[in-house]
$ cat entry_28.cif   # mmCIF, C-alpha atoms (C1' of nucleotides)
data_target
loop_
_atom_site.label_atom_id
_atom_site.label_comp_id
_atom_site.auth_asym_id
_atom_site.auth_seq_id
_atom_site.Cartn_x
_atom_site.Cartn_y
_atom_site.Cartn_z
CA MET H 1159 0.00 0.00 0.00
CA ASN H 1160 1.35 3.41 -0.99
CA LYS H 1161 0.97 5.37 2.26
CA ASN H 1162 2.74 8.41 0.79
CA LYS H 1163 0.10 9.18 -1.78
CA PHE H 1164 -3.51 9.35 -0.69
CA TYR H 1165 -6.80 11.16 -1.03
CA VAL H 1166 -9.42 11.57 1.70
CA LEU H 1167 -13.02 11.15 0.64
CA HIS H 1168 -15.75 12.23 3.01
CA LYS H 1169 -18.56 9.72 3.08
CA ASN H 1170 -21.99 10.49 1.77
CA CYS H 1171 -24.23 7.46 1.28
CA PHE H 1172 -21.26 5.30 0.32
CA ASP H 1173 -20.34 1.81 1.49
CA ILE H 1174 -17.25 1.40 -0.65
CA CYS H 1175 -16.49 -2.21 0.31
CA ILE H 1176 -19.94 -3.50 -0.60
CA SER H 1177 -19.99 -1.38 -3.75
CA LEU H 1178 -16.73 -2.96 -4.88
CA ASP H 1179 -17.84 -6.49 -3.98
CA CYS H 1180 -21.47 -6.85 -5.01
CA GLY H 1181 -21.06 -8.34 -8.45
CA GLN H 1182 -20.40 -5.16 -10.44
CA SER H 1183 -16.64 -5.43 -10.81
CA PHE H 1184 -14.63 -8.62 -10.50
CA ARG H 1185 -11.23 -7.05 -9.83
CA TRP H 1186 -11.33 -6.11 -6.14
CA LYS H 1187 -10.12 -8.18 -3.19
CA LYS H 1188 -10.66 -7.70 0.51
CA THR H 1189 -7.39 -6.93 2.30
CA GLY H 1190 -8.93 -6.47 5.75
CA GLU H 1191 -12.19 -5.90 7.56
CA ASN H 1192 -12.68 -2.44 6.01
CA SER H 1193 -10.18 -2.34 3.19
CA MET H 1194 -9.85 -3.49 -0.38
CA HIS H 1195 -7.30 -3.54 -3.19
CA GLY H 1196 -7.92 -3.45 -6.91
CA VAL H 1197 -7.15 -2.00 -10.32
CA ALA H 1198 -9.24 0.17 -12.63
CA PHE H 1199 -8.29 2.29 -15.65
CA GLY H 1200 -4.74 0.98 -15.34
CA ARG H 1201 -4.32 2.27 -11.79
CA ALA H 1202 -3.88 0.24 -8.62
CA LEU H 1203 -5.74 1.49 -5.56
CA ASP H 1204 -6.09 0.61 -1.89
CA VAL H 1205 -9.26 1.79 -0.19
CA VAL H 1206 -9.76 1.95 3.56
CA ASP H 1207 -13.15 2.73 5.05
CA GLU H 1208 -12.65 4.62 8.32
CA GLY H 1209 -16.30 5.18 9.11
CA ASP H 1210 -16.88 8.87 8.48
CA LYS H 1211 -14.30 8.99 5.71
CA ILE H 1212 -12.65 6.82 3.09
CA ILE H 1213 -8.93 6.94 2.34
CA LEU H 1214 -7.81 6.21 -1.20
CA TYR H 1215 -4.15 5.12 -1.05
CA GLY H 1216 -2.27 5.37 -4.34
CA ALA H 1217 -4.30 8.33 -5.58
CA ASP H 1218 -3.66 12.06 -5.32
CA GLU H 1219 -6.12 14.85 -5.98
CA LYS H 1220 -5.39 14.78 -9.71
CA ASP H 1221 -6.07 11.02 -9.91
CA TYR H 1222 -9.24 11.53 -7.95
CA GLU H 1223 -10.50 14.23 -10.31
CA ASN H 1224 -9.47 12.32 -13.45
CA ILE H 1225 -10.42 8.76 -12.52
CA TRP H 1226 -11.92 7.91 -9.16
CA LYS H 1227 -14.52 10.64 -8.87
CA SER H 1228 -16.23 9.27 -11.94
CA TYR H 1229 -15.52 5.62 -11.09
CA PHE H 1230 -17.29 5.95 -7.74
CA ASP H 1231 -20.10 8.05 -9.26
CA ILE H 1232 -19.49 10.76 -6.67
CA ASP H 1233 -21.53 13.48 -8.39
CA ARG H 1234 -24.78 11.49 -8.22
CA ASP H 1235 -27.04 12.13 -5.23
CA TYR H 1236 -27.63 8.62 -3.87
CA THR H 1237 -29.18 9.99 -0.68
CA GLU H 1238 -31.98 11.46 -2.75
CA ILE H 1239 -32.38 8.31 -4.85
CA CYS H 1240 -32.52 6.04 -1.78
CA LYS H 1241 -35.04 8.33 -0.14
CA LYS H 1242 -37.39 7.61 -3.03
CA PHE H 1243 -36.77 3.87 -2.68
CA LEU H 1244 -38.02 4.02 0.94
CA THR H 1245 -41.57 4.47 -0.36
CA ASP H 1246 -41.55 0.85 -1.54
CA GLU H 1247 -41.71 -1.84 1.15
CA SER H 1248 -39.14 -4.28 -0.29
CA LEU H 1249 -36.75 -1.65 -1.58
CA LYS H 1250 -36.90 -0.05 1.87
CA LYS H 1251 -35.65 -3.31 3.41
CA ALA H 1252 -32.91 -3.64 0.79
CA VAL H 1253 -31.71 -0.06 1.26
CA GLU H 1254 -31.86 -0.20 5.06
CA THR H 1255 -30.07 -3.55 5.25
CA TYR H 1256 -27.26 -2.59 2.86
CA PRO H 1257 -27.12 1.21 2.55
CA GLY H 1258 -24.58 3.07 0.45
CA ILE H 1259 -24.27 0.87 -2.62
CA ARG H 1260 -23.14 2.91 -5.63
CA ILE H 1261 -22.95 1.99 -9.29
CA LEU H 1262 -19.33 1.89 -10.42
CA ARG H 1263 -18.62 3.72 -13.67
CA GLN H 1264 -16.18 1.25 -15.17
CA ASP H 1265 -14.26 1.16 -18.43
CA SER H 1266 -16.67 0.24 -21.22
CA TRP H 1267 -14.57 -2.51 -22.77
CA GLU H 1268 -13.70 -4.03 -19.39
CA ALA H 1269 -17.37 -4.14 -18.40
CA LEU H 1270 -18.38 -5.67 -21.72
CA CYS H 1271 -15.69 -8.33 -21.59
CA SER H 1272 -16.26 -9.12 -17.91
CA PHE H 1273 -19.99 -9.65 -18.34
CA ILE H 1274 -19.49 -11.82 -21.41
CA ILE H 1275 -17.37 -13.99 -19.11
CA SER H 1276 -20.09 -13.87 -16.44
CA GLN H 1277 -22.68 -15.76 -18.43
CA ASN H 1278 -23.77 -19.11 -17.00
CA ASN H 1279 -20.96 -18.74 -14.48
CA ASN H 1280 -20.51 -18.00 -10.77
CA ILE H 1281 -18.81 -15.00 -9.23
CA PRO H 1282 -15.70 -16.70 -7.77
CA ARG H 1283 -14.98 -18.36 -11.11
CA ILE H 1284 -15.64 -15.13 -13.05
CA LYS H 1285 -13.06 -13.41 -10.83
CA GLY H 1286 -10.55 -16.20 -11.54
CA ILE H 1287 -10.98 -15.98 -15.31
CA VAL H 1288 -10.72 -12.15 -15.29
CA GLU H 1289 -7.62 -12.34 -13.10
CA ARG H 1290 -5.92 -14.81 -15.46
CA LEU H 1291 -6.89 -12.62 -18.43
CA CYS H 1292 -5.19 -9.60 -16.85
CA GLU H 1293 -2.12 -11.54 -15.70
CA THR H 1294 -1.69 -13.07 -19.13
CA LEU H 1295 -2.29 -10.04 -21.37
CA GLY H 1296 -2.47 -6.89 -19.22
CA ASP H 1297 0.36 -4.45 -18.52
CA ASP H 1298 2.47 -5.27 -15.49
CA LEU H 1299 1.86 -2.44 -13.00
CA GLY H 1300 4.22 -3.90 -10.37
CA ASN H 1301 3.40 -5.45 -6.99
CA GLY H 1302 1.41 -8.20 -8.68
CA ASP H 1303 -1.05 -5.80 -10.30
CA TYR H 1304 -2.03 -5.91 -13.96
CA SER H 1305 -4.18 -3.68 -16.13
CA PHE H 1306 -7.16 -5.01 -18.03
CA PRO H 1307 -5.91 -5.84 -21.55
CA SER H 1308 -7.12 -3.81 -24.55
CA PRO H 1309 -9.29 -5.35 -27.29
CA GLU H 1310 -6.24 -5.21 -29.56
CA LYS H 1311 -4.15 -7.23 -27.10
CA VAL H 1312 -6.90 -9.82 -26.76
CA LEU H 1313 -7.29 -10.05 -30.53
CA GLU H 1314 -3.57 -10.48 -30.99
CA ALA H 1315 -3.52 -13.31 -28.44
CA GLY H 1316 -6.25 -15.23 -30.26
CA ALA H 1317 -7.84 -18.45 -29.08
CA ASP H 1318 -4.47 -20.01 -28.28
CA GLY H 1319 -3.45 -17.06 -26.15
CA LEU H 1320 -6.69 -17.28 -24.18
CA ALA H 1321 -6.60 -21.04 -23.65
CA ASN H 1322 -5.13 -20.83 -20.16
CA LEU H 1323 -8.05 -18.69 -18.93
CA ARG H 1324 -10.24 -21.81 -18.73
CA ALA H 1325 -13.14 -19.69 -19.95
CA GLY H 1326 -14.64 -22.53 -21.96
CA PHE H 1327 -17.17 -21.69 -24.67
CA ARG H 1328 -16.91 -17.96 -23.85
CA VAL H 1329 -13.53 -17.59 -25.58
CA LYS H 1330 -15.11 -17.25 -29.02
CA TYR H 1331 -17.43 -14.56 -27.64
CA ILE H 1332 -14.54 -12.61 -26.11
CA LEU H 1333 -12.72 -12.70 -29.44
CA ASP H 1334 -15.76 -11.56 -31.39
CA ALA H 1335 -16.21 -8.67 -28.96
CA ALA H 1336 -12.53 -7.70 -29.22
CA GLN H 1337 -12.73 -7.80 -33.02
CA LYS H 1338 -15.83 -5.62 -33.26
CA VAL H 1339 -14.69 -3.09 -30.69
CA ALA H 1340 -11.22 -2.83 -32.22
CA ASP H 1341 -12.48 -2.33 -35.78
CA GLY H 1342 -15.26 0.03 -34.72
CA SER H 1343 -18.14 -2.08 -36.03
CA VAL H 1344 -19.51 -1.82 -32.50
CA ASP H 1345 -19.44 1.91 -31.90
CA PHE H 1346 -18.87 2.94 -28.28
CA GLU H 1347 -19.25 6.64 -29.17
CA LYS H 1348 -22.69 6.00 -30.59
CA ILE H 1349 -23.65 4.20 -27.37
CA ASN H 1350 -22.24 7.02 -25.26
CA ASN H 1351 -24.16 9.61 -27.21
CA THR H 1352 -27.62 8.08 -27.16
CA ASP H 1353 -30.24 8.06 -24.42
CA ASN H 1354 -32.14 5.30 -26.19
CA LEU H 1355 -31.35 2.18 -24.17
CA GLU H 1356 -32.88 -0.14 -26.73
CA GLU H 1357 -30.77 1.28 -29.52
CA ALA H 1358 -27.64 1.10 -27.35
CA ALA H 1359 -28.36 -2.53 -26.45
CA GLU H 1360 -28.88 -3.43 -30.13
CA GLU H 1361 -25.43 -2.03 -30.91
CA LEU H 1362 -23.85 -4.30 -28.27
CA LYS H 1363 -25.92 -7.30 -29.34
CA LYS H 1364 -24.12 -7.31 -32.69
CA ILE H 1365 -21.52 -9.25 -30.72
CA LYS H 1366 -21.89 -13.02 -30.48
CA GLY H 1367 -22.51 -13.98 -26.88
CA VAL H 1368 -24.12 -10.67 -25.97
CA GLY H 1369 -27.85 -10.86 -25.25
CA ASP H 1370 -30.22 -8.69 -23.24
CA LYS H 1371 -28.59 -9.33 -19.88
CA VAL H 1372 -24.93 -8.80 -20.84
CA ALA H 1373 -25.93 -5.73 -22.86
CA ALA H 1374 -27.79 -4.24 -19.88
CA CYS H 1375 -24.86 -4.90 -17.53
CA THR H 1376 -22.47 -3.26 -19.99
CA LEU H 1377 -24.70 -0.20 -20.33
CA LEU H 1378 -25.18 0.07 -16.56
CA TYR H 1379 -21.62 -0.53 -15.34
CA GLY H 1380 -19.60 0.41 -18.43
CA PHE H 1381 -21.54 3.40 -19.81
CA GLY H 1382 -23.15 4.88 -16.70
CA LYS H 1383 -26.67 4.29 -18.01
CA VAL H 1384 -28.36 3.89 -14.64
CA ASP H 1385 -31.80 3.06 -16.02
CA ALA H 1386 -30.53 -0.12 -17.75
CA LEU H 1387 -32.00 -3.15 -16.02
CA PRO H 1388 -30.07 -6.44 -16.18
CA ILE H 1389 -32.35 -9.42 -15.56
CA ASP H 1390 -30.42 -12.47 -14.38
CA VAL H 1391 -31.62 -15.48 -12.37
CA TRP H 1392 -31.63 -13.43 -9.14
CA VAL H 1393 -33.50 -10.44 -10.53
CA LYS H 1394 -35.92 -12.85 -12.20
CA ARG H 1395 -36.53 -14.36 -8.77
CA ILE H 1396 -37.05 -10.90 -7.22
CA LEU H 1397 -39.46 -9.83 -9.94
CA SER H 1398 -41.58 -12.98 -9.72
CA GLU H 1399 -41.63 -13.02 -5.92
CA LEU H 1400 -42.13 -9.31 -5.22
CA TYR H 1401 -42.87 -7.36 -8.38
CA PRO H 1402 -44.94 -9.46 -10.80
CA ASP H 1403 -46.02 -6.24 -12.54
CA GLY H 1404 -42.50 -4.79 -12.77
CA LEU H 1405 -40.45 -2.46 -10.57
CA PRO H 1406 -42.39 0.33 -8.79
CA GLU H 1407 -42.66 3.87 -10.08
CA CYS H 1408 -40.14 5.22 -7.57
CA THR H 1409 -37.40 3.42 -9.56
CA ASN H 1410 -38.18 5.18 -12.85
CA GLY H 1411 -35.01 6.57 -14.40
CA VAL H 1412 -32.74 4.62 -12.04
CA LYS H 1413 -33.91 1.02 -12.46
CA GLY H 1414 -30.32 -0.23 -12.63
CA ILE H 1415 -29.55 1.30 -9.23
CA ALA H 1416 -32.70 -0.21 -7.69
CA GLN H 1417 -31.73 -3.54 -9.20
CA GLN H 1418 -28.30 -3.40 -7.53
CA TYR H 1419 -29.80 -2.90 -4.06
CA LEU H 1420 -32.36 -5.67 -4.60
CA PHE H 1421 -29.78 -8.02 -6.12
CA HIS H 1422 -27.38 -7.71 -3.21
CA TRP H 1423 -30.13 -7.96 -0.61
CA ARG H 1424 -31.81 -11.00 -2.20
CA ARG H 1425 -28.52 -12.87 -2.68
CA ASN H 1426 -27.64 -12.42 0.98
CA ILE H 1427 -31.01 -13.55 2.32
CA ASP H 1428 -30.40 -17.16 1.30
CA GLU H 1429 -27.11 -17.25 3.19
CA GLN H 1430 -28.76 -16.42 6.52
"C1'" DG O 821 -23.00 -38.71 -9.90
"C1'" DT O 822 -26.09 -34.40 -10.14
"C1'" DC O 823 -27.02 -29.59 -9.89
"C1'" DC O 824 -25.99 -24.86 -10.44
"C1'" DA O 825 -23.73 -20.45 -11.71
"C1'" DG O 826 -25.16 -12.17 -12.75
"C1'" DG O 827 -26.93 -16.45 -20.42
"C1'" DC O 828 -26.80 -17.15 -25.07
"C1'" DA O 829 -27.11 -19.47 -29.70
"C1'" DT O 830 -29.45 -22.72 -32.11
"C1'" DG O 831 -33.15 -25.55 -33.79
"C1'" DC O 832 -37.81 -26.68 -33.95
"C1'" DA O 833 -42.88 -26.01 -33.41
"C1'" DT S 298 -42.80 -15.59 -31.15
"C1'" DG S 299 -41.91 -19.11 -27.54
"C1'" DC S 300 -39.66 -23.09 -25.55
"C1'" DA S 301 -36.00 -26.94 -25.05
"C1'" DT S 302 -31.32 -28.06 -25.25
"C1'" DG S 303 -26.18 -27.87 -25.35
"C1'" DC S 304 -22.40 -25.40 -23.86
"C1'" DA S 305 -16.81 -25.45 -20.61
"C1'" DT S 306 -15.66 -25.35 -16.10
"C1'" DG S 307 -15.50 -26.11 -11.21
"C1'" DG S 308 -17.52 -26.06 -6.54
"C1'" DA S 309 -21.24 -27.80 -3.49
#
$ encode --input "entry_28.cif" --output "structure tokens"
Amino acid sequence: MNKNKFYVLHKNCFDICISLDCGQSFRWKKTGENSMHGVAFGRALDVVDEGDKIILYGADEKDYENIWKSYFDIDRDYTEICKKFLTDESLKKAVETYPGIRILRQDSWEALCSFIISQNNNIPRIKGIVERLCETLGDDLGNGDYSFPSPEKVLEAGADGLANLRAGFRVKYILDAAQKVADGSVDFEKINNTDNLEEAAEELKKIKGVGDKVAACTLLYGFGKVDALPIDVWVKRILSELYPDGLPECTNGVKGIAQQYLFHWRRNIDEQ
DNA sequence: GTCCAGGCATGCA
DNA sequence: TGCATGCATGGA
């Protein structure tokens, strides 16, 4: 941990450890009760939650402004959003049990690739595959950290270069995604510039192995489109058990955020 | 051995 | 359009 370079973040509706470990990103590891280590946008970071404030070790003010402020979605008013959620009985329980979850604004390509890997897979194994991908093809950042490899790097590696990931049938999907992102036939700018979620999802679904769910995750976590609603087995369960007619009105415009609270809450109920 | 995991492509009605 | 099945891998 780089104790010489740090940034102090004053908490406002932010549980950073849960946010980093609730199935949004697969690159963070717990290093202690209230601390985590990970890499995003080619930067290694140690975070320590000290209750009223969070210390970001390995980041200075410039890094915070350029990278982490956006990554942690600091400019969005989650207090206001969660206040609206309290008007719904189940969302109230989810928000009160696990307050302070934020949507991470990740790199678009990393989110796309990660959620292609996630399909028909479990979180520990997803993390393993992503870790091997970074170790094999990412830039060495020192201290055992690696960046997430670019589409070009993945393309160059080919199926043989990805064999040791043990990603199974997903390798051909990863390569198709790398190809189409690298050559621009899937246009990230177009996705960034539209508010039409359907149109944005269609652009991503040009890629083999990208369906509704992976597209929605990519839009939510990789493009900051907080109304995108990924429906996986857990969300399907939540909808059929609690919301047969769809999510309540108080989630309009931020369905992806509501989904994240419900997802984390519902997954942790079964473990009690 | 069987079932499941932050799904999707394919084939068939 | 809707539904059944196979898919790589590994842990429970």
$ interface_residues --input "entry_28.cif" --of "chain H" --to "chain S" --cutoff "12 Å" --atoms "all atoms listed in the file" --output "list in words"
Ile1275, Gln1277, Asn1278, Asn1279, Asn1280, Ile1281, Pro1282, Arg1283, Ile1284, Gly1286, Ile1287, Ala1321, Leu1323, Arg1324, Ala1325, Gly1326, Phe1327, Arg1328, Val1329, Lys1330 and Gly1367 of chain H
$ resolve_selection --input "entry_28.cif" --expression "the PyMOL selection byres ((chain O) within 7 of (chain H))" --output "PyMOL selection string"
chain O and resi 825-828
$ write_last_selection --input "entry_28.cif" --atoms "C-alpha atoms (C1' of nucleotides)" --output "PDB file, keeping the file's coordinate frame"
ATOM      1  C1'  DA O 825     -23.730 -20.450 -11.710  1.00  0.00           C
ATOM      2  C1'  DG O 826     -25.160 -12.170 -12.750  1.00  0.00           C
ATOM      3  C1'  DG O 827     -26.930 -16.450 -20.420  1.00  0.00           C
ATOM      4  C1'  DC O 828     -26.800 -17.150 -25.070  1.00  0.00           C
TER       5       DC O 828
END
$ atom_distance --input "entry_28.cif" --atom1 "atom CA of Gly1380 of chain H" --atom2 "atom CA of Asp1246 of chain H"
27.7 Å
$ residues_near_point --input "entry_28.cif" --point "(-0.8, 3.8, -15.6)" --cutoff "9 Å" --atoms "only C-alpha atoms (C1' of nucleotides)" --output "PDB file with C-alpha atoms, in the frame of the given file"
ATOM      1  CA  PHE H1199      -8.290   2.290 -15.650  1.00  0.00           C
ATOM      2  CA  GLY H1200      -4.740   0.980 -15.340  1.00  0.00           C
ATOM      3  CA  ARG H1201      -4.320   2.270 -11.790  1.00  0.00           C
ATOM      4  CA  ALA H1202      -3.880   0.240  -8.620  1.00  0.00           C
ATOM      5  CA  ASP H1297       0.360  -4.450 -18.520  1.00  0.00           C
ATOM      6  CA  LEU H1299       1.860  -2.440 -13.000  1.00  0.00           C
ATOM      7  CA  SER H1305      -4.180  -3.680 -16.130  1.00  0.00           C
TER       8      SER H1305
END
$ atom_distance --input "entry_28.cif" --atom1 "atom CA of Val1253 of chain H" --atom2 "atom CA of Lys1285 of chain H"
25.9 Å
$ residues_around --input "entry_28.cif" --residues "Thr1376 of chain H" --least-positions-apart "4" --cutoff "9 Å" --atoms "all atoms listed in the file" --output "MDAnalysis selection string"
chainID H and resid 1266:1273 1359 1362 1371:1372 1380:1383 1386
$ atom_distance --input "entry_28.cif" --atom1 "atom CA of Pro1307 of chain H" --atom2 "atom CA of Glu1223 of chain H"
23.5 Å
$ closest_residue --input "entry_28.cif" --among "H:Gly1316, H:Ala1374, H:Pro1257, H:Ile1365" --to "DA829 of chain O" --atoms "only C-alpha atoms (C1' of nucleotides)"
H:Ile1365
$ residues_around --input "entry_28.cif" --residues "Pro1406 of chain H" --least-positions-apart "3" --cutoff "10 Å" --atoms "only C-alpha atoms (C1' of nucleotides)" --output "count of residues only"
10
$ closest_residue --input "entry_28.cif" --among "H:Ala1373, H:Ala1340, H:Ile1213, H:Cys1175" --to "Asn1162 of chain H" --atoms "all atoms listed in the file"
H:Ile1213
$ resolve_selection --input "entry_28.cif" --expression "the PyMOL selection byres ((chain H and resi 1261) around 12)" --output "ChimeraX atom specification"
/H:1171-1174,1176-1183,1228-1236,1258-1260,1262-1264,1375-1386,1412-1419
$ resolve_selection --input "entry_28.cif" --expression "the PyMOL selection byres ((chain H and resi 1291-1295) around 9)" --output "VMD selection string"
chain H and resid 1286 to 1290 1296 to 1298 1302 to 1308 1311 to 1312 1315 1319 to 1320 1322 to 1323
$ axis_aligned_box --input "entry_28.cif" --around "chain O" --padding-each-side "8 Å" --output "AutoDock Vina command-line options"
--center_x -32.9 --center_y -25.4 --center_z -21.9 --size_x 35.9 --size_y 42.5 --size_z 40.1
$ decode --input "entry_28.cif" --residues "chain S" --atoms "N, CA and C atoms (P, O5', C5', C4', C3', O3' and C1' of nucleotides)" --output "PDB file, in the first residue's frame"
ATOM      1  P    DT S 298     -41.515 -11.569 -33.529  1.00  0.00           P
ATOM      2  O5'  DT S 298     -41.941 -12.306 -32.191  1.00  0.00           O
ATOM      3  C5'  DT S 298     -43.086 -12.076 -31.468  1.00  0.00           C
ATOM      4  C4'  DT S 298     -43.510 -13.390 -30.870  1.00  0.00           C
ATOM      5  C3'  DT S 298     -42.740 -13.753 -29.593  1.00  0.00           C
ATOM      6  O3'  DT S 298     -43.655 -13.889 -28.524  1.00  0.00           O
ATOM      7  C1'  DT S 298     -42.795 -15.589 -31.147  1.00  0.00           C
ATOM      8  P    DG S 299     -43.064 -14.161 -27.007  1.00  0.00           P
ATOM      9  O5'  DG S 299     -42.999 -15.746 -26.930  1.00  0.00           O
ATOM     10  C5'  DG S 299     -44.185 -16.512 -27.106  1.00  0.00           C
ATOM     11  C4'  DG S 299     -43.839 -17.968 -26.864  1.00  0.00           C
ATOM     12  C3'  DG S 299     -42.968 -18.195 -25.624  1.00  0.00           C
ATOM     13  O3'  DG S 299     -43.456 -19.321 -24.897  1.00  0.00           O
ATOM     14  C1'  DG S 299     -41.906 -19.106 -27.537  1.00  0.00           C
ATOM     15  P    DC S 300     -42.919 -19.682 -23.435  1.00  0.00           P
ATOM     16  O5'  DC S 300     -42.124 -21.042 -23.691  1.00  0.00           O
ATOM     17  C5'  DC S 300     -42.808 -22.167 -24.238  1.00  0.00           C
ATOM     18  C4'  DC S 300     -41.795 -23.220 -24.640  1.00  0.00           C
ATOM     19  C3'  DC S 300     -40.797 -23.589 -23.531  1.00  0.00           C
ATOM     20  O3'  DC S 300     -40.755 -24.993 -23.397  1.00  0.00           O
ATOM     21  C1'  DC S 300     -39.660 -23.094 -25.552  1.00  0.00           C
ATOM     22  P    DA S 301     -39.956 -25.709 -22.192  1.00  0.00           P
ATOM     23  O5'  DA S 301     -38.843 -26.513 -22.990  1.00  0.00           O
ATOM     24  C5'  DA S 301     -39.248 -27.428 -23.998  1.00  0.00           C
ATOM     25  C4'  DA S 301     -38.021 -28.071 -24.628  1.00  0.00           C
ATOM     26  C3'  DA S 301     -36.987 -28.590 -23.634  1.00  0.00           C
ATOM     27  O3'  DA S 301     -36.506 -29.850 -24.107  1.00  0.00           O
ATOM     28  C1'  DA S 301     -35.996 -26.935 -25.047  1.00  0.00           C
ATOM     29  P    DT S 302     -35.487 -30.725 -23.214  1.00  0.00           P
ATOM     30  O5'  DT S 302     -34.097 -30.303 -23.868  1.00  0.00           O
ATOM     31  C5'  DT S 302     -33.889 -30.529 -25.260  1.00  0.00           C
ATOM     32  C4'  DT S 302     -32.527 -30.005 -25.667  1.00  0.00           C
ATOM     33  C3'  DT S 302     -31.392 -30.370 -24.692  1.00  0.00           C
ATOM     34  O3'  DT S 302     -30.369 -31.020 -25.418  1.00  0.00           O
ATOM     35  C1'  DT S 302     -31.319 -28.060 -25.249  1.00  0.00           C
ATOM     36  P    DG S 303     -29.221 -31.815 -24.665  1.00  0.00           P
ATOM     37  O5'  DG S 303     -27.888 -31.035 -25.103  1.00  0.00           O
ATOM     38  C5'  DG S 303     -27.663 -30.812 -26.492  1.00  0.00           C
ATOM     39  C4'  DG S 303     -26.559 -29.782 -26.662  1.00  0.00           C
ATOM     40  C3'  DG S 303     -25.322 -30.029 -25.791  1.00  0.00           C
ATOM     41  O3'  DG S 303     -24.164 -29.794 -26.583  1.00  0.00           O
ATOM     42  C1'  DG S 303     -26.183 -27.867 -25.350  1.00  0.00           C
ATOM     43  P    DC S 304     -22.737 -30.166 -26.012  1.00  0.00           P
ATOM     44  O5'  DC S 304     -22.155 -28.741 -25.604  1.00  0.00           O
ATOM     45  C5'  DC S 304     -22.134 -27.677 -26.561  1.00  0.00           C
ATOM     46  C4'  DC S 304     -21.769 -26.385 -25.838  1.00  0.00           C
ATOM     47  C3'  DC S 304     -20.602 -26.519 -24.847  1.00  0.00           C
ATOM     48  O3'  DC S 304     -19.674 -25.489 -25.098  1.00  0.00           O
ATOM     49  C1'  DC S 304     -22.404 -25.399 -23.856  1.00  0.00           C
ATOM     50  P    DA S 305     -18.354 -25.757 -25.771  1.00  0.00           P
ATOM     51  O5'  DA S 305     -17.379 -25.507 -24.560  1.00  0.00           O
ATOM     52  C5'  DA S 305     -16.871 -26.472 -23.720  1.00  0.00           C
ATOM     53  C4'  DA S 305     -15.963 -25.744 -22.771  1.00  0.00           C
ATOM     54  C3'  DA S 305     -15.199 -26.658 -21.847  1.00  0.00           C
ATOM     55  O3'  DA S 305     -13.997 -26.003 -21.507  1.00  0.00           O
ATOM     56  C1'  DA S 305     -16.806 -25.453 -20.607  1.00  0.00           C
ATOM     57  P    DT S 306     -12.876 -26.643 -20.632  1.00  0.00           P
ATOM     58  O5'  DT S 306     -13.250 -26.274 -19.141  1.00  0.00           O
ATOM     59  C5'  DT S 306     -13.281 -24.904 -18.749  1.00  0.00           C
ATOM     60  C4'  DT S 306     -13.848 -24.804 -17.350  1.00  0.00           C
ATOM     61  C3'  DT S 306     -13.350 -25.869 -16.367  1.00  0.00           C
ATOM     62  O3'  DT S 306     -12.421 -25.245 -15.509  1.00  0.00           O
ATOM     63  C1'  DT S 306     -15.662 -25.353 -16.097  1.00  0.00           C
ATOM     64  P    DG S 307     -11.558 -26.056 -14.442  1.00  0.00           P
ATOM     65  O5'  DG S 307     -12.388 -25.900 -13.097  1.00  0.00           O
ATOM     66  C5'  DG S 307     -12.663 -24.610 -12.587  1.00  0.00           C
ATOM     67  C4'  DG S 307     -13.677 -24.718 -11.468  1.00  0.00           C
ATOM     68  C3'  DG S 307     -13.349 -25.783 -10.422  1.00  0.00           C
ATOM     69  O3'  DG S 307     -13.687 -25.250  -9.155  1.00  0.00           O
ATOM     70  C1'  DG S 307     -15.504 -26.114 -11.209  1.00  0.00           C
ATOM     71  P    DG S 308     -12.875 -25.693  -7.838  1.00  0.00           P
ATOM     72  O5'  DG S 308     -13.884 -25.338  -6.669  1.00  0.00           O
ATOM     73  C5'  DG S 308     -14.610 -24.115  -6.681  1.00  0.00           C
ATOM     74  C4'  DG S 308     -15.990 -24.334  -6.136  1.00  0.00           C
ATOM     75  C3'  DG S 308     -16.047 -25.205  -4.877  1.00  0.00           C
ATOM     76  O3'  DG S 308     -16.854 -24.566  -3.915  1.00  0.00           O
ATOM     77  C1'  DG S 308     -17.523 -26.060  -6.536  1.00  0.00           C
ATOM     78  P    DA S 309     -16.997 -25.205  -2.426  1.00  0.00           P
ATOM     79  O5'  DA S 309     -18.504 -25.737  -2.439  1.00  0.00           O
ATOM     80  C5'  DA S 309     -19.564 -24.848  -2.766  1.00  0.00           C
ATOM     81  C4'  DA S 309     -20.885 -25.602  -2.738  1.00  0.00           C
ATOM     82  C3'  DA S 309     -21.059 -26.496  -1.515  1.00  0.00           C
ATOM     83  O3'  DA S 309     -22.408 -26.414  -1.071  1.00  0.00           O
ATOM     84  C1'  DA S 309     -21.238 -27.798  -3.490  1.00  0.00           C
TER      85       DA S 309
END
